[in-house]
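*Asks:* Okay, here's the structure, questions in a sec.
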Amino acid sequence: MTDDSLLSRALVEEATKKSGLIWVRGDGPARALWHVWHDGAAYVVGDGPGEQPLPGGLAEGGAAEVTVRSKDKGGRLVAWTARVSELAPGSEDWRAAADELKGKRLNAPDAETMTERWSRECRLLRLTPHKVSTDLPQDSLAAAPLPTEATTRHPIPEALPRLLLKRRKR
């Protein structure tokens, strides 16, 4: 980290540890990613079948902008610039990070063999804090949602209002 302030380092570590999601931006729009804080950095896994898509432009030696939100209120706590490094599958660092991530992965269809699948099909990235920004922005950081094929909006079946009204009368 270029900022040697112990307070800044502690803020990044504690906020990132406690937040369920971090927002990471590479070349394109930021994405919300689940992560784990381990050994002084945030680790994320993705870009494989059934795993979270990682933002574009996250490459070895590159940089990423990370925004950490409050777990209870959802507001921005701290933002930091990270150095990106991709861990080689099977290395000692990769195994340690994968073991930590395995404990945080929810609803995995293959919990027993998940780390083997990650080593074959996914990328595991280490985001090491480099520069901390605790200043709050003056403008809105709101962004349009990313395009997706997922939808939950369908027309209500015609009979549903009648069925619901009958239940209330009883």
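Quick note on naming: the chains in the structure tokens go A, B, ... in the order shown, residues restart at 1 in each chain, and ligands are numbered from 1 in order of appearance.
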List as a list in words the protein and nucleic acid residues near A:Gly40, meaning an atom at most 10 Å away when only C-alpha atoms are counted, but skip any in the same chain fewer than 6 places from it.
*Replies:*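 The neighbour list is Arg9, Val12, Glu13, Arg126, Leu127, Thr128 and Pro129 of chain A.
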*Asks:* Excluding A:Ala97 and residues on its chain fewer than 5 positions from it, collect all residues at most 10 Å away from it, counting only C-alpha atoms, and give them as a list in words.
*Replies:* Val36, Trp37, His38, Asp39, Ala42, Tyr43, Val44, Val45, Leu87, Ser91, Glu92, Lys102, Leu124, Leu125 and Arg126 of chain A
*Asks:* Going by DSSP on the backbone, which residues of stretch 4-162 of chain A come out as strand (DSSP E or B)? List them as a PDB file with N, CA, C and O atoms, in the first residue's frame.
*Replies:*
```pdb
ATOM      1  N   LEU A  21     -19.982  -8.556   0.038  1.00  0.00           N
ATOM      2  CA  LEU A  21     -19.670  -8.301  -1.367  1.00  0.00           C
ATOM      3  C   LEU A  21     -18.717  -7.122  -1.471  1.00  0.00           C
ATOM      4  O   LEU A  21     -18.756  -6.204  -0.649  1.00  0.00           O
ATOM      5  N   ILE A  22     -17.900  -7.158  -2.502  1.00  0.00           N
ATOM      6  CA  ILE A  22     -17.104  -5.988  -2.868  1.00  0.00           C
ATOM      7  C   ILE A  22     -17.418  -5.687  -4.326  1.00  0.00           C
ATOM      8  O   ILE A  22     -17.753  -6.582  -5.102  1.00  0.00           O
ATOM      9  N   TRP A  23     -17.356  -4.419  -4.678  1.00  0.00           N
ATOM     10  CA  TRP A  23     -17.574  -4.008  -6.066  1.00  0.00           C
ATOM     11  C   TRP A  23     -16.203  -3.823  -6.695  1.00  0.00           C
ATOM     12  O   TRP A  23     -15.391  -3.048  -6.204  1.00  0.00           O
ATOM     13  N   VAL A  24     -15.956  -4.542  -7.790  1.00  0.00           N
ATOM     14  CA  VAL A  24     -14.648  -4.518  -8.441  1.00  0.00           C
ATOM     15  C   VAL A  24     -14.820  -4.038  -9.876  1.00  0.00           C
ATOM     16  O   VAL A  24     -15.676  -4.525 -10.601  1.00  0.00           O
ATOM     17  N   ARG A  25     -13.987  -3.073 -10.265  1.00  0.00           N
ATOM     18  CA  ARG A  25     -14.016  -2.540 -11.631  1.00  0.00           C
ATOM     19  C   ARG A  25     -12.644  -2.739 -12.258  1.00  0.00           C
ATOM     20  O   ARG A  25     -11.623  -2.370 -11.684  1.00  0.00           O
ATOM     21  N   ARG A  31     -18.525  -4.872 -10.947  1.00  0.00           N
ATOM     22  CA  ARG A  31     -19.371  -6.024 -10.632  1.00  0.00           C
ATOM     23  C   ARG A  31     -19.270  -6.318  -9.147  1.00  0.00           C
ATOM     24  O   ARG A  31     -18.211  -6.181  -8.544  1.00  0.00           O
ATOM     25  N   ALA A  32     -20.398  -6.744  -8.587  1.00  0.00           N
ATOM     26  CA  ALA A  32     -20.416  -7.177  -7.191  1.00  0.00           C
ATOM     27  C   ALA A  32     -19.886  -8.604  -7.143  1.00  0.00           C
ATOM     28  O   ALA A  32     -20.367  -9.477  -7.861  1.00  0.00           O
ATOM     29  N   LEU A  33     -18.889  -8.844  -6.302  1.00  0.00           N
ATOM     30  CA  LEU A  33     -18.269 -10.159  -6.202  1.00  0.00           C
ATOM     31  C   LEU A  33     -18.217 -10.619  -4.747  1.00  0.00           C
ATOM     32  O   LEU A  33     -17.889  -9.834  -3.860  1.00  0.00           O
ATOM     33  N   TRP A  34     -18.521 -11.906  -4.520  1.00  0.00           N
ATOM     34  CA  TRP A  34     -18.273 -12.460  -3.198  1.00  0.00           C
ATOM     35  C   TRP A  34     -16.780 -12.769  -3.128  1.00  0.00           C
ATOM     36  O   TRP A  34     -16.129 -13.001  -4.138  1.00  0.00           O
ATOM     37  N   VAL A  36     -13.164 -13.445  -0.175  1.00  0.00           N
ATOM     38  CA  VAL A  36     -12.661 -13.743   1.163  1.00  0.00           C
ATOM     39  C   VAL A  36     -11.398 -12.907   1.367  1.00  0.00           C
ATOM     40  O   VAL A  36     -10.639 -12.677   0.428  1.00  0.00           O
ATOM     41  N   TRP A  37     -11.225 -12.405   2.589  1.00  0.00           N
ATOM     42  CA  TRP A  37     -10.007 -11.675   2.936  1.00  0.00           C
ATOM     43  C   TRP A  37      -9.068 -12.677   3.590  1.00  0.00           C
ATOM     44  O   TRP A  37      -9.424 -13.347   4.558  1.00  0.00           O
ATOM     45  N   HIS A  38      -7.866 -12.801   3.044  1.00  0.00           N
ATOM     46  CA  HIS A  38      -6.898 -13.767   3.556  1.00  0.00           C
ATOM     47  C   HIS A  38      -5.498 -13.242   3.306  1.00  0.00           C
ATOM     48  O   HIS A  38      -5.190 -12.795   2.197  1.00  0.00           O
ATOM     49  N   ALA A  41      -5.050  -9.632   1.626  1.00  0.00           N
ATOM     50  CA  ALA A  41      -5.609  -9.325   0.310  1.00  0.00           C
ATOM     51  C   ALA A  41      -7.001  -9.935   0.184  1.00  0.00           C
ATOM     52  O   ALA A  41      -7.371 -10.836   0.941  1.00  0.00           O
ATOM     53  N   ALA A  42      -7.748  -9.438  -0.792  1.00  0.00           N
ATOM     54  CA  ALA A  42      -9.059 -10.007  -1.107  1.00  0.00           C
ATOM     55  C   ALA A  42      -8.863 -11.016  -2.241  1.00  0.00           C
ATOM     56  O   ALA A  42      -8.149 -10.740  -3.207  1.00  0.00           O
ATOM     57  N   TYR A  43      -9.492 -12.179  -2.104  1.00  0.00           N
ATOM     58  CA  TYR A  43      -9.410 -13.217  -3.127  1.00  0.00           C
ATOM     59  C   TYR A  43     -10.794 -13.437  -3.714  1.00  0.00           C
ATOM     60  O   TYR A  43     -11.777 -13.500  -2.979  1.00  0.00           O
ATOM     61  N   VAL A  44     -10.854 -13.551  -5.042  1.00  0.00           N
ATOM     62  CA  VAL A  44     -12.108 -13.830  -5.737  1.00  0.00           C
ATOM     63  C   VAL A  44     -11.868 -14.961  -6.726  1.00  0.00           C
ATOM     64  O   VAL A  44     -10.762 -15.137  -7.245  1.00  0.00           O
ATOM     65  N   VAL A  45     -12.909 -15.743  -6.960  1.00  0.00           N
ATOM     66  CA  VAL A  45     -12.838 -16.819  -7.942  1.00  0.00           C
ATOM     67  C   VAL A  45     -14.010 -16.645  -8.898  1.00  0.00           C
ATOM     68  O   VAL A  45     -15.086 -16.203  -8.498  1.00  0.00           O
ATOM     69  N   GLY A  46     -13.790 -16.948 -10.176  1.00  0.00           N
ATOM     70  CA  GLY A  46     -14.872 -16.792 -11.135  1.00  0.00           C
ATOM     71  C   GLY A  46     -14.459 -17.110 -12.547  1.00  0.00           C
ATOM     72  O   GLY A  46     -13.404 -17.686 -12.802  1.00  0.00           O
ATOM     73  N   ALA A  63      -4.449  -3.369 -12.584  1.00  0.00           N
ATOM     74  CA  ALA A  63      -5.028  -2.700 -11.427  1.00  0.00           C
ATOM     75  C   ALA A  63      -6.543  -2.825 -11.480  1.00  0.00           C
ATOM     76  O   ALA A  63      -7.131  -3.015 -12.544  1.00  0.00           O
ATOM     77  N   ALA A  64      -7.154  -2.721 -10.321  1.00  0.00           N
ATOM     78  CA  ALA A  64      -8.612  -2.763 -10.208  1.00  0.00           C
ATOM     79  C   ALA A  64      -9.035  -1.771  -9.145  1.00  0.00           C
ATOM     80  O   ALA A  64      -8.297  -1.507  -8.192  1.00  0.00           O
ATOM     81  N   GLU A  65     -10.209  -1.212  -9.320  1.00  0.00           N
ATOM     82  CA  GLU A  65     -10.798  -0.333  -8.321  1.00  0.00           C
ATOM     83  C   GLU A  65     -11.767  -1.164  -7.492  1.00  0.00           C
ATOM     84  O   GLU A  65     -12.668  -1.794  -8.046  1.00  0.00           O
ATOM     85  N   VAL A  66     -11.606  -1.166  -6.192  1.00  0.00           N
ATOM     86  CA  VAL A  66     -12.447  -1.954  -5.294  1.00  0.00           C
ATOM     87  C   VAL A  66     -13.201  -1.004  -4.378  1.00  0.00           C
ATOM     88  O   VAL A  66     -12.605  -0.113  -3.770  1.00  0.00           O
ATOM     89  N   THR A  67     -14.515  -1.176  -4.304  1.00  0.00           N
ATOM     90  CA  THR A  67     -15.356  -0.396  -3.401  1.00  0.00           C
ATOM     91  C   THR A  67     -15.985  -1.359  -2.406  1.00  0.00           C
ATOM     92  O   THR A  67     -16.552  -2.374  -2.798  1.00  0.00           O
ATOM     93  N   VAL A  68     -15.865  -1.018  -1.137  1.00  0.00           N
ATOM     94  CA  VAL A  68     -16.386  -1.874  -0.075  1.00  0.00           C
ATOM     95  C   VAL A  68     -17.610  -1.196   0.524  1.00  0.00           C
ATOM     96  O   VAL A  68     -17.573  -0.011   0.846  1.00  0.00           O
ATOM     97  N   ARG A  69     -18.668  -1.972   0.654  1.00  0.00           N
ATOM     98  CA  ARG A  69     -19.917  -1.435   1.186  1.00  0.00           C
ATOM     99  C   ARG A  69     -20.117  -1.901   2.620  1.00  0.00           C
ATOM    100  O   ARG A  69     -19.555  -2.886   3.058  1.00  0.00           O
ATOM    101  N   ARG A  76     -21.341   2.987   0.874  1.00  0.00           N
ATOM    102  CA  ARG A  76     -19.907   2.896   0.606  1.00  0.00           C
ATOM    103  C   ARG A  76     -19.108   3.244   1.854  1.00  0.00           C
ATOM    104  O   ARG A  76     -19.302   4.288   2.446  1.00  0.00           O
ATOM    105  N   LEU A  77     -18.181   2.358   2.235  1.00  0.00           N
ATOM    106  CA  LEU A  77     -17.316   2.618   3.375  1.00  0.00           C
ATOM    107  C   LEU A  77     -15.948   3.136   2.946  1.00  0.00           C
ATOM    108  O   LEU A  77     -15.441   4.111   3.480  1.00  0.00           O
ATOM    109  N   VAL A  78     -15.345   2.414   2.014  1.00  0.00           N
ATOM    110  CA  VAL A  78     -13.991   2.753   1.583  1.00  0.00           C
ATOM    111  C   VAL A  78     -13.793   2.237   0.163  1.00  0.00           C
ATOM    112  O   VAL A  78     -14.424   1.266  -0.260  1.00  0.00           O
ATOM    113  N   ALA A  79     -12.930   2.910  -0.572  1.00  0.00           N
ATOM    114  CA  ALA A  79     -12.535   2.446  -1.905  1.00  0.00           C
ATOM    115  C   ALA A  79     -11.022   2.353  -1.932  1.00  0.00           C
ATOM    116  O   ALA A  79     -10.333   3.150  -1.290  1.00  0.00           O
ATOM    117  N   TRP A  80     -10.522   1.370  -2.645  1.00  0.00           N
ATOM    118  CA  TRP A  80      -9.082   1.208  -2.747  1.00  0.00           C
ATOM    119  C   TRP A  80      -8.701   0.659  -4.111  1.00  0.00           C
ATOM    120  O   TRP A  80      -9.467  -0.006  -4.769  1.00  0.00           O
ATOM    121  N   THR A  81      -7.496   1.016  -4.517  1.00  0.00           N
ATOM    122  CA  THR A  81      -6.943   0.510  -5.763  1.00  0.00           C
ATOM    123  C   THR A  81      -6.161  -0.745  -5.428  1.00  0.00           C
ATOM    124  O   THR A  81      -5.401  -0.772  -4.462  1.00  0.00           O
ATOM    125  N   ALA A  82      -6.379  -1.790  -6.233  1.00  0.00           N
ATOM    126  CA  ALA A  82      -5.731  -3.075  -5.965  1.00  0.00           C
ATOM    127  C   ALA A  82      -4.792  -3.445  -7.095  1.00  0.00           C
ATOM    128  O   ALA A  82      -5.040  -3.133  -8.263  1.00  0.00           O
ATOM    129  N   ARG A  83      -3.731  -4.126  -6.728  1.00  0.00           N
ATOM    130  CA  ARG A  83      -2.874  -4.783  -7.711  1.00  0.00           C
ATOM    131  C   ARG A  83      -3.432  -6.177  -7.913  1.00  0.00           C
ATOM    132  O   ARG A  83      -3.704  -6.891  -6.950  1.00  0.00           O
ATOM    133  N   VAL A  84      -3.590  -6.572  -9.157  1.00  0.00           N
ATOM    134  CA  VAL A  84      -4.194  -7.859  -9.482  1.00  0.00           C
ATOM    135  C   VAL A  84      -3.103  -8.876  -9.785  1.00  0.00           C
ATOM    136  O   VAL A  84      -2.164  -8.589 -10.534  1.00  0.00           O
ATOM    137  N   SER A  85      -3.233 -10.047  -9.179  1.00  0.00           N
ATOM    138  CA  SER A  85      -2.359 -11.159  -9.546  1.00  0.00           C
ATOM    139  C   SER A  85      -3.199 -12.421  -9.627  1.00  0.00           C
ATOM    140  O   SER A  85      -4.093 -12.632  -8.805  1.00  0.00           O
ATOM    141  N   GLU A  86      -2.933 -13.216 -10.649  1.00  0.00           N
ATOM    142  CA  GLU A  86      -3.660 -14.470 -10.836  1.00  0.00           C
ATOM    143  C   GLU A  86      -2.802 -15.598 -10.293  1.00  0.00           C
ATOM    144  O   GLU A  86      -1.634 -15.742 -10.658  1.00  0.00           O
ATOM    145  N   ARG A 123     -10.711 -18.866 -12.717  1.00  0.00           N
ATOM    146  CA  ARG A 123      -9.567 -18.017 -12.382  1.00  0.00           C
ATOM    147  C   ARG A 123      -9.671 -17.627 -10.918  1.00  0.00           C
ATOM    148  O   ARG A 123     -10.739 -17.275 -10.441  1.00  0.00           O
ATOM    149  N   LEU A 124      -8.565 -17.680 -10.202  1.00  0.00           N
ATOM    150  CA  LEU A 124      -8.516 -17.247  -8.814  1.00  0.00           C
ATOM    151  C   LEU A 124      -7.574 -16.048  -8.759  1.00  0.00           C
ATOM    152  O   LEU A 124      -6.409 -16.150  -9.121  1.00  0.00           O
ATOM    153  N   LEU A 125      -8.123 -14.898  -8.342  1.00  0.00           N
ATOM    154  CA  LEU A 125      -7.366 -13.651  -8.348  1.00  0.00           C
ATOM    155  C   LEU A 125      -7.121 -13.146  -6.938  1.00  0.00           C
ATOM    156  O   LEU A 125      -7.981 -13.253  -6.065  1.00  0.00           O
ATOM    157  N   ARG A 126      -5.962 -12.572  -6.752  1.00  0.00           N
ATOM    158  CA  ARG A 126      -5.601 -11.903  -5.501  1.00  0.00           C
ATOM    159  C   ARG A 126      -5.628 -10.405  -5.773  1.00  0.00           C
ATOM    160  O   ARG A 126      -4.969  -9.921  -6.705  1.00  0.00           O
ATOM    161  N   LEU A 127      -6.405  -9.668  -4.969  1.00  0.00           N
ATOM    162  CA  LEU A 127      -6.492  -8.208  -5.090  1.00  0.00           C
ATOM    163  C   LEU A 127      -5.802  -7.605  -3.873  1.00  0.00           C
ATOM    164  O   LEU A 127      -6.359  -7.587  -2.771  1.00  0.00           O
ATOM    165  N   THR A 128      -4.590  -7.130  -4.065  1.00  0.00           N
ATOM    166  CA  THR A 128      -3.777  -6.606  -2.970  1.00  0.00           C
ATOM    167  C   THR A 128      -3.948  -5.089  -2.894  1.00  0.00           C
ATOM    168  O   THR A 128      -3.712  -4.389  -3.889  1.00  0.00           O
ATOM    169  N   PRO A 129      -4.350  -4.555  -1.739  1.00  0.00           N
ATOM    170  CA  PRO A 129      -4.530  -3.101  -1.609  1.00  0.00           C
ATOM    171  C   PRO A 129      -3.241  -2.341  -1.908  1.00  0.00           C
ATOM    172  O   PRO A 129      -2.155  -2.729  -1.488  1.00  0.00           O
ATOM    173  N   HIS A 130      -3.401  -1.273  -2.677  1.00  0.00           N
ATOM    174  CA  HIS A 130      -2.259  -0.448  -3.068  1.00  0.00           C
ATOM    175  C   HIS A 130      -2.436   0.995  -2.598  1.00  0.00           C
ATOM    176  O   HIS A 130      -1.558   1.565  -1.983  1.00  0.00           O
ATOM    177  N   LYS A 131      -3.597   1.566  -2.881  1.00  0.00           N
ATOM    178  CA  LYS A 131      -3.865   2.957  -2.521  1.00  0.00           C
ATOM    179  C   LYS A 131      -5.291   3.057  -2.005  1.00  0.00           C
ATOM    180  O   LYS A 131      -6.213   2.554  -2.623  1.00  0.00           O
ATOM    181  N   VAL A 132      -5.458   3.713  -0.878  1.00  0.00           N
ATOM    182  CA  VAL A 132      -6.762   3.809  -0.221  1.00  0.00           C
ATOM    183  C   VAL A 132      -7.355   5.189  -0.436  1.00  0.00           C
ATOM    184  O   VAL A 132      -6.660   6.196  -0.360  1.00  0.00           O
ATOM    185  N   SER A 133      -8.680   5.213  -0.678  1.00  0.00           N
ATOM    186  CA  SER A 133      -9.394   6.478  -0.789  1.00  0.00           C
ATOM    187  C   SER A 133     -10.556   6.442   0.191  1.00  0.00           C
ATOM    188  O   SER A 133     -11.493   5.669   0.016  1.00  0.00           O
TER     189      SER A 133
END
```
*Asks:* Which value, in Å to one decimal, gives the distance between atom CA of A:Gln138 and atom CA of A:Ser70?
*Replies:* 18.5 Å
*Asks:* Among chain A, which ones does DSSP assign to alpha helix (DSSP H) (computed from the backbone)? Answer as a PyMOL selection string.
*Replies:* chain A and resi 6-18+92-104+114-121+160-169
*Asks:* Just the selected residues (N, CA and C atoms), exported as a CSV table (one decimal), in the first residue's frame, please.
*Replies:*
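Output (selection-v2.csv):
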```
chain,number,residue,atom,x,y,z
A,6,LEU,N,-1.6,3.4,9.3
A,6,LEU,CA,-2.1,2.2,9.9
A,6,LEU,C,-3.6,2.2,10.0
A,7,LEU,N,-4.2,3.4,10.1
A,7,LEU,CA,-5.7,3.5,10.2
A,7,LEU,C,-6.3,3.1,8.8
A,8,SER,N,-5.7,3.6,7.7
A,8,SER,CA,-6.2,3.2,6.4
A,8,SER,C,-6.1,1.7,6.2
A,9,ARG,N,-5.0,1.1,6.5
A,9,ARG,CA,-4.8,-0.3,6.3
A,9,ARG,C,-5.8,-1.1,7.2
A,10,ALA,N,-6.0,-0.7,8.4
A,10,ALA,CA,-7.0,-1.3,9.3
A,10,ALA,C,-8.4,-1.2,8.7
A,11,LEU,N,-8.7,0.0,8.2
A,11,LEU,CA,-10.1,0.2,7.7
A,11,LEU,C,-10.3,-0.7,6.5
A,12,VAL,N,-9.4,-0.8,5.6
A,12,VAL,CA,-9.5,-1.6,4.4
A,12,VAL,C,-9.7,-3.1,4.8
A,13,GLU,N,-8.9,-3.5,5.7
A,13,GLU,CA,-9.0,-4.9,6.1
A,13,GLU,C,-10.3,-5.3,6.8
A,14,GLU,N,-10.7,-4.5,7.8
A,14,GLU,CA,-11.9,-4.7,8.6
A,14,GLU,C,-13.1,-4.6,7.7
A,15,ALA,N,-13.2,-3.5,6.9
A,15,ALA,CA,-14.4,-3.3,6.1
A,15,ALA,C,-14.5,-4.5,5.0
A,16,THR,N,-13.4,-4.9,4.5
A,16,THR,CA,-13.4,-5.9,3.4
A,16,THR,C,-13.8,-7.3,4.1
A,17,LYS,N,-13.2,-7.5,5.2
A,17,LYS,CA,-13.5,-8.8,5.9
A,17,LYS,C,-15.0,-8.9,6.2
A,18,LYS,N,-15.6,-7.8,6.7
A,18,LYS,CA,-17.0,-7.9,7.2
A,18,LYS,C,-18.0,-7.7,6.1
A,92,GLU,N,1.0,-23.5,-3.8
A,92,GLU,CA,0.7,-23.4,-2.4
A,92,GLU,C,-0.2,-22.3,-2.1
A,93,ASP,N,0.0,-21.1,-2.7
A,93,ASP,CA,-0.8,-19.9,-2.4
A,93,ASP,C,-2.2,-20.2,-3.0
A,94,TRP,N,-2.3,-20.8,-4.1
A,94,TRP,CA,-3.6,-21.1,-4.7
A,94,TRP,C,-4.4,-22.1,-3.8
A,95,ARG,N,-3.8,-23.1,-3.3
A,95,ARG,CA,-4.5,-24.0,-2.4
A,95,ARG,C,-5.0,-23.4,-1.1
A,96,ALA,N,-4.1,-22.5,-0.5
A,96,ALA,CA,-4.5,-21.8,0.7
A,96,ALA,C,-5.7,-20.9,0.4
A,97,ALA,N,-5.7,-20.1,-0.7
A,97,ALA,CA,-6.8,-19.2,-1.0
A,97,ALA,C,-8.0,-20.0,-1.4
A,98,ALA,N,-7.9,-21.1,-2.1
A,98,ALA,CA,-9.1,-21.9,-2.5
A,98,ALA,C,-9.7,-22.5,-1.3
A,99,ASP,N,-8.9,-23.0,-0.3
A,99,ASP,CA,-9.5,-23.5,1.0
A,99,ASP,C,-10.3,-22.5,1.7
A,100,GLU,N,-9.8,-21.2,1.7
A,100,GLU,CA,-10.6,-20.1,2.4
A,100,GLU,C,-11.8,-19.8,1.6
A,101,LEU,N,-11.7,-19.8,0.3
A,101,LEU,CA,-12.9,-19.5,-0.5
A,101,LEU,C,-14.0,-20.6,-0.5
A,102,LYS,N,-13.5,-21.8,-0.4
A,102,LYS,CA,-14.4,-22.9,-0.3
A,102,LYS,C,-15.4,-22.8,0.8
A,103,GLY,N,-14.9,-22.3,2.0
A,103,GLY,CA,-15.8,-22.1,3.1
A,103,GLY,C,-16.8,-21.0,2.9
A,104,LYS,N,-16.6,-20.1,2.0
A,104,LYS,CA,-17.5,-19.0,1.8
A,104,LYS,C,-18.5,-19.2,0.6
A,114,MET,N,-15.3,-29.1,-5.6
A,114,MET,CA,-15.3,-27.7,-6.1
A,114,MET,C,-13.9,-27.2,-6.4
A,115,THR,N,-12.9,-27.4,-5.5
A,115,THR,CA,-11.6,-26.9,-5.8
A,115,THR,C,-10.9,-27.5,-7.0
A,116,GLU,N,-11.2,-28.8,-7.3
A,116,GLU,CA,-10.7,-29.4,-8.5
A,116,GLU,C,-11.3,-28.7,-9.7
A,117,ARG,N,-12.6,-28.4,-9.7
A,117,ARG,CA,-13.2,-27.7,-10.8
A,117,ARG,C,-12.7,-26.3,-11.0
A,118,TRP,N,-12.5,-25.6,-9.9
A,118,TRP,CA,-11.9,-24.3,-9.9
A,118,TRP,C,-10.5,-24.3,-10.6
A,119,SER,N,-9.7,-25.3,-10.3
A,119,SER,CA,-8.4,-25.4,-10.8
A,119,SER,C,-8.4,-25.6,-12.3
A,120,ARG,N,-9.4,-26.4,-12.8
A,120,ARG,CA,-9.5,-26.7,-14.2
A,120,ARG,C,-10.2,-25.5,-15.0
A,121,GLU,N,-11.2,-24.9,-14.5
A,121,GLU,CA,-12.1,-24.1,-15.3
A,121,GLU,C,-12.2,-22.6,-14.9
A,160,LEU,N,-55.4,-15.4,-10.7
A,160,LEU,CA,-54.7,-15.2,-9.4
A,160,LEU,C,-55.4,-14.1,-8.6
A,161,PRO,N,-55.9,-13.0,-9.1
A,161,PRO,CA,-56.6,-12.0,-8.2
A,161,PRO,C,-57.8,-12.6,-7.6
A,162,ARG,N,-58.6,-13.4,-8.4
A,162,ARG,CA,-59.8,-14.0,-7.9
A,162,ARG,C,-59.5,-15.0,-6.8
A,163,LEU,N,-58.4,-15.8,-7.0
A,163,LEU,CA,-58.0,-16.8,-5.9
A,163,LEU,C,-57.6,-16.1,-4.6
A,164,LEU,N,-56.8,-15.0,-4.8
A,164,LEU,CA,-56.4,-14.3,-3.6
A,164,LEU,C,-57.5,-13.6,-2.8
A,165,LEU,N,-58.5,-13.1,-3.6
A,165,LEU,CA,-59.6,-12.4,-2.9
A,165,LEU,C,-60.5,-13.4,-2.2
A,166,LYS,N,-60.7,-14.6,-2.7
A,166,LYS,CA,-61.4,-15.7,-2.1
A,166,LYS,C,-60.8,-16.1,-0.7
A,167,ARG,N,-59.5,-16.1,-0.7
A,167,ARG,CA,-58.8,-16.5,0.5
A,167,ARG,C,-58.9,-15.5,1.6
A,168,ARG,N,-59.0,-14.2,1.3
A,168,ARG,CA,-59.1,-13.1,2.2
A,168,ARG,C,-60.5,-13.1,2.9
A,169,LYS,N,-61.5,-13.5,2.1
A,169,LYS,CA,-62.9,-13.5,2.6
A,169,LYS,C,-63.2,-14.6,3.6
```
*Asks:* Counting only C-alpha atoms, which residue out of A:Gly26, A:Gly20, A:Pro137, A:Pro157 sits closest to A:Leu54?
*Replies:*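 The shortest atom-to-atom distance to A:Leu54 comes from A:Gly26.
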*Asks:* May I ask for the distance between atom CA of A:Asn107 and atom CA of A:Thr152, given in Å to one decimal place?
*Replies:*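 Calculated distance between atom CA of A:Asn107 and atom CA of A:Thr152 is 20.3 Å.
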*Asks:* From the list A:Leu136, A:His35, A:Ala88, A:Pro55, which residue is nearest A:Gly75 when using only C-alpha atoms?
*Replies:*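 Once distances to A:Gly75 are computed over only C-alpha atoms, the minimum belongs to A:Leu136.
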